[in-house]
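Quick notes on the structure that follows.
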Amino acid sequence: MRVLGIETSCDETGIAVYDDKQGLLSHALYSQVKLHADYGGVVPELASRDHVRKIIPLIRQALKNANTDIADIDGIAYTKGPGLIGALLVGACVGRSLAFAWNKPAIGVHHMEGHLLAPMLEEDAPEFPFVALLVSGGHSMLVKVDGIGLYEVLGESVDDAAGEAFDKTAKLMGLDYPGGPRLAKLAAKGEPAGYQFPRPMTDRPGLDFSFSGLKTFTANTIAAEPDDEQTRANIARAFEEAVVDTLAIKCRRALKQTGYNRLVIAGGVSANTRLRETLAEMMSSIGGRVYYPRGEFCTDNGAMIAFAGLQRLKAGQQEDLAVKGQPRWPLDTLPPLA
C-alpha cells in the first residue's frame with residue numbers, strides 16, 4: 001500500500017509518500033519560520049494562506065521525487081487535528097478533494113499520533129509496548145502505548161508545554177523566533193551550577209507537567225542579574241537543565257508505574273541534545289532503552305502523517321466525504337486498529 005501524507009497543523013507544510021513495503025519514498029517540507037519571525041510567533045491567518053500557496057507544488061514535488069503517479073497512490077492521509085483550525089482545513093480540503101477526484105480512500109490523522117509513531121520510520125524501530133514522552137510547542141504528555149490506538153495518557157501539561165516554555169523564555173531573553181533552538185544553543189555556552197532553578201511538580205506524586213512557574217522564576221532571575229552574555233548563557237543553561245530534569249523524573253516515574261523498559265521521545269523538543277543525553281543515560285541505568293526519530297522528523301512533517309495514516313487505512317478505517325478539522329482532539333479517544 002502506498003499513501004500520500006499531508007501535514008498542515010501549524011507553520012510547516014509537509015508532504016510525503018510512504019510505501020508499506022519500500023518505506024519512505026519521498027518527503028518535502030516548507031517551513032514558515034521566516035514568515036512569522038517578524039511577529040515573534042505564529043500568526044494563524046498568515047500560516048493558513050501560506051499553506052494554500054505551498055501545498056500543491058509540494059505535492060507535485062513529492063510525487064515526482066517518489067517516481068509515483070496518481071494510479072500508484074492507494075490512499076491519502078492528512079492531519080485532522082489538533083492544531084490551528086485554518087491551517088488544518090487547508091490540508092483537509094486538499095487531501096479530501098484529491099481523494100474524491102482520484103477515487104482513493106482518505107483518513108484524517110491525529111497530529112500527536114503521527115509524532116508518537118515517528119520513531120517507526122527508523123530501521124531500529126521500537127516494539128510495543130512502551131512509554132512515550134511527547135514534547136512539542138503545544139503539547140507535553142506521557143502516554144502508555146500498548147499498540148496503535150491503545151493509548152492511556154498518564155500525564156500532561158496543565159499550562160505551558162515544554163516547547164512553549166522554551167519559546168517564551170527565549171523571548172524574555174531577547175532571542176529571535178523560533179526561540180527554543182536558540183535558547184538551547186545559548187545554554188551550551190553556560191556554566192554548570194551557575195544557578196539552581198526549581199523542578200516543578202516533582203516534589204509531589206503524579207505525572208502532570210507545569211512549566212509556567214519555571215518561566216516566571218526565570219523572568220525574575222533575568223531581571224535581577226547583570227545583562228551580559230555569560231550571565232544570560234548561565235541562566236539559559238539553568239532553565240534548560242530544569243526542564244530536562246523535570247521531564248526525566250516524570251519519565252522514570254511513568255516507566256516504574258507501567259513496568260515498561262522502552263521509552264519513546266518525539267515532538268520538536270525531542271531534538272534537544274541535553275534531553276536526549278539525559279534520557280539515554282537514565283534508560284541505561286535502569287536497563288532500558290530510549291528511541292527517537294531522526295532530527296528532521298522531530299518537528300512537524302508529512303512522513304509521520306503518511307506512516308500513521310497507512311496503518312489505519314490498512315485496517316479499513318477511512319473518512320467520509322465531509323471535510324473536518326479538529327483543533328482539540330484528545331489522543332486517548334482514538335480507536336484501536338481492528
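Ligands are numbered from 1 in the order shown, residues from 1 within each chain, and chains are lettered A, B, ... in the order they appear in the C-alpha cells.
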Mind checking which residues fall within 12 Å of Tyr30 in chain A, counting only C-alpha atoms, ignoring those fewer than 6 positions away in the same chain, and posting them as a PyMOL selection string? chain A and resi 6-8+10-16+47+50-59+61-62+296+299-302
Hey, what's within 9 Å of range 237-253 of chain A if we count only C-alpha atoms and toss same-chain stuff fewer than 2 positions away? As an MDAnalysis selection string, please? chainID A and resid 131:133 142 155 162 165:166 169 183:184 186:202 206:209 211 214:215 218 232:235 255:258 263 274:275 278:279 282:283
Sorted by chain and rising residue number, list the residues of range 68-157 of chain A at most 8 Å from range 319-330 of chain A (counting only C-alpha atoms), each with its closest atom pair and distance in Å to one decimal, as a tab-separated table.
```
residue	atom	partner	partner_atom	distance
A:Lys80	CA	A:Gly325	CA	4.9
A:Gly81	CA	A:Gln326	CA	4.6
A:Pro82	CA	A:Pro327	CA	4.2
A:Gly83	CA	A:Pro327	CA	4.8
A:Leu84	CA	A:Pro327	CA	6.0
A:Ile85	CA	A:Pro327	CA	5.5
A:Leu88	CA	A:Gly325	CA	5.7
A:Leu89	CA	A:Gly325	CA	5.7
A:Ala92	CA	A:Val323	CA	6.1
A:Cys93	CA	A:Val323	CA	6.0
A:Arg96	CA	A:Val323	CA	6.6
A:Phe100	CA	A:Leu321	CA	7.8
A:Pro105	CA	A:Glu319	CA	7.5
A:Ala106	CA	A:Glu319	CA	5.7
A:Ile107	CA	A:Glu319	CA	5.1
A:Gly108	CA	A:Glu319	CA	6.6
A:His110	CA	A:Trp329	CA	7.7
```
Take the residues just selected and output them with N, CA and C atoms as a short mmCIF file (atom, residue, chain, number, x, y, z; two decimals), in the first residue's frame.
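Final output, saved to out.cif:
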```cif
data_model
loop_
_atom_site.label_atom_id
_atom_site.label_comp_id
_atom_site.auth_asym_id
_atom_site.auth_seq_id
_atom_site.Cartn_x
_atom_site.Cartn_y
_atom_site.Cartn_z
N LYS A 80 -5.81 15.92 10.69
CA LYS A 80 -7.15 16.39 11.01
C LYS A 80 -7.16 17.26 12.28
N GLY A 81 -6.17 17.06 13.14
CA GLY A 81 -6.08 17.81 14.38
C GLY A 81 -5.09 17.12 15.30
N PRO A 82 -4.80 17.68 16.45
CA PRO A 82 -5.10 19.05 16.83
C PRO A 82 -4.18 20.04 16.10
N GLY A 83 -4.52 21.33 16.19
CA GLY A 83 -3.72 22.34 15.52
C GLY A 83 -4.54 23.60 15.30
N LEU A 84 -4.02 24.49 14.46
CA LEU A 84 -4.74 25.72 14.11
C LEU A 84 -5.83 25.37 13.10
N ILE A 85 -7.06 25.76 13.40
CA ILE A 85 -8.18 25.30 12.58
C ILE A 85 -8.04 25.72 11.11
N LEU A 88 -5.38 23.53 9.53
CA LEU A 88 -5.89 22.17 9.39
C LEU A 88 -6.84 22.04 8.21
N LEU A 89 -7.71 23.04 8.03
CA LEU A 89 -8.71 22.96 6.97
C LEU A 89 -8.08 23.03 5.57
N ALA A 92 -6.96 19.45 5.07
CA ALA A 92 -8.13 18.59 4.99
C ALA A 92 -8.87 18.79 3.67
N CYS A 93 -9.03 20.03 3.26
CA CYS A 93 -9.73 20.31 1.99
C CYS A 93 -8.98 19.71 0.80
N ARG A 96 -8.90 15.69 1.17
CA ARG A 96 -10.21 15.09 0.92
C ARG A 96 -10.62 15.28 -0.55
N PHE A 100 -11.29 12.35 -3.39
CA PHE A 100 -12.54 12.26 -4.16
C PHE A 100 -12.25 12.23 -5.66
N PRO A 105 -9.35 6.17 -0.95
CA PRO A 105 -9.78 6.39 0.44
C PRO A 105 -8.91 7.44 1.12
N ALA A 106 -9.50 8.15 2.08
CA ALA A 106 -8.75 9.17 2.82
C ALA A 106 -8.95 8.95 4.32
N ILE A 107 -7.96 9.37 5.10
CA ILE A 107 -8.03 9.25 6.56
C ILE A 107 -7.48 10.51 7.20
N GLY A 108 -8.20 11.03 8.19
CA GLY A 108 -7.72 12.16 8.98
C GLY A 108 -6.88 11.65 10.12
N HIS A 110 -4.44 11.98 13.58
CA HIS A 110 -4.17 12.75 14.79
C HIS A 110 -2.70 13.16 14.77
#
```
Among range 271-333 of chain A, which residues carry a DSSP assignment of alpha helix (DSSP H), reported as a ChimeraX atom specification? /A:273-285,302-314
I want to know what sits within 7 Å of Asp332 in chain A, based on only C-alpha atoms, with residues of the same chain fewer than 3 positions away left out; could you give that as a PyMOL selection string? chain A and resi 151-153
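Each of A:Glu127, A:Asp159, A:Arg262, A:Val269 was checked against Gly287 in chain A using only C-alpha atoms; the smallest atom-to-atom distance is that of A:Arg262.
Distances from A:Asn261, A:Ser26, A:Ser285, A:Gln230 to Ala66 in chain A were compared using only C-alpha atoms, and the smallest one belongs to A:Ser26.
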Going by DSSP on the backbone, which residues of range 146-237 of chain A come out as strand (DSSP E or B)? List them as a ChimeraX atom specification. /A:146-147,150-157,209
So that I can see what lies close to His139 in chain A, please list as JSON, numbers by chain the residues with an atom at most 9 Å from it, counting only C-alpha atoms and leaving out residues fewer than 2 positions away in the same chain. {"A": [112, 134, 135, 136, 137, 141, 156, 157, 160, 161, 162, 163, 164, 267]}
Computed interatomic separation between CA of Pro119 in chain A and CA of Lys185 in chain A (Å):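 Computing it gives 24.5 Å between the two atoms.
Candidate residues A:Ala266, A:Ile286, A:Val43, A:Ile70 were compared for distance to Glu113 in chain A, and the nearest is A:Ala266, using only C-alpha atoms.
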Tell me, as a PDB file with N, CA and C atoms, in the first residue's frame, which residues lie within 7 Å of Pro129 in chain A, counting only C-alpha atoms; anything in the same chain fewer than 4 positions away does not count.
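Generated file (result.pdb):
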```
ATOM      1  N   VAL A 145       1.640   3.186  25.821  1.00  0.00           N
ATOM      2  CA  VAL A 145       1.318   2.743  24.463  1.00  0.00           C
ATOM      3  C   VAL A 145       1.426   1.221  24.387  1.00  0.00           C
ATOM      4  N   ASP A 146       0.293   0.556  24.192  1.00  0.00           N
ATOM      5  CA  ASP A 146       0.275  -0.897  24.061  1.00  0.00           C
ATOM      6  C   ASP A 146       0.083  -1.346  22.622  1.00  0.00           C
ATOM      7  N   GLY A 147      -0.142  -0.405  21.731  1.00  0.00           N
ATOM      8  CA  GLY A 147      -0.333  -0.686  20.315  1.00  0.00           C
ATOM      9  C   GLY A 147      -0.902   0.565  19.670  1.00  0.00           C
TER      10      GLY A 147
END
```
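Take the candidates A:Ala308, A:Ala37, A:Val17, A:Leu313 and check each one against Ile73 in chain A using only C-alpha atoms; the shortest distance goes to A:Val17.
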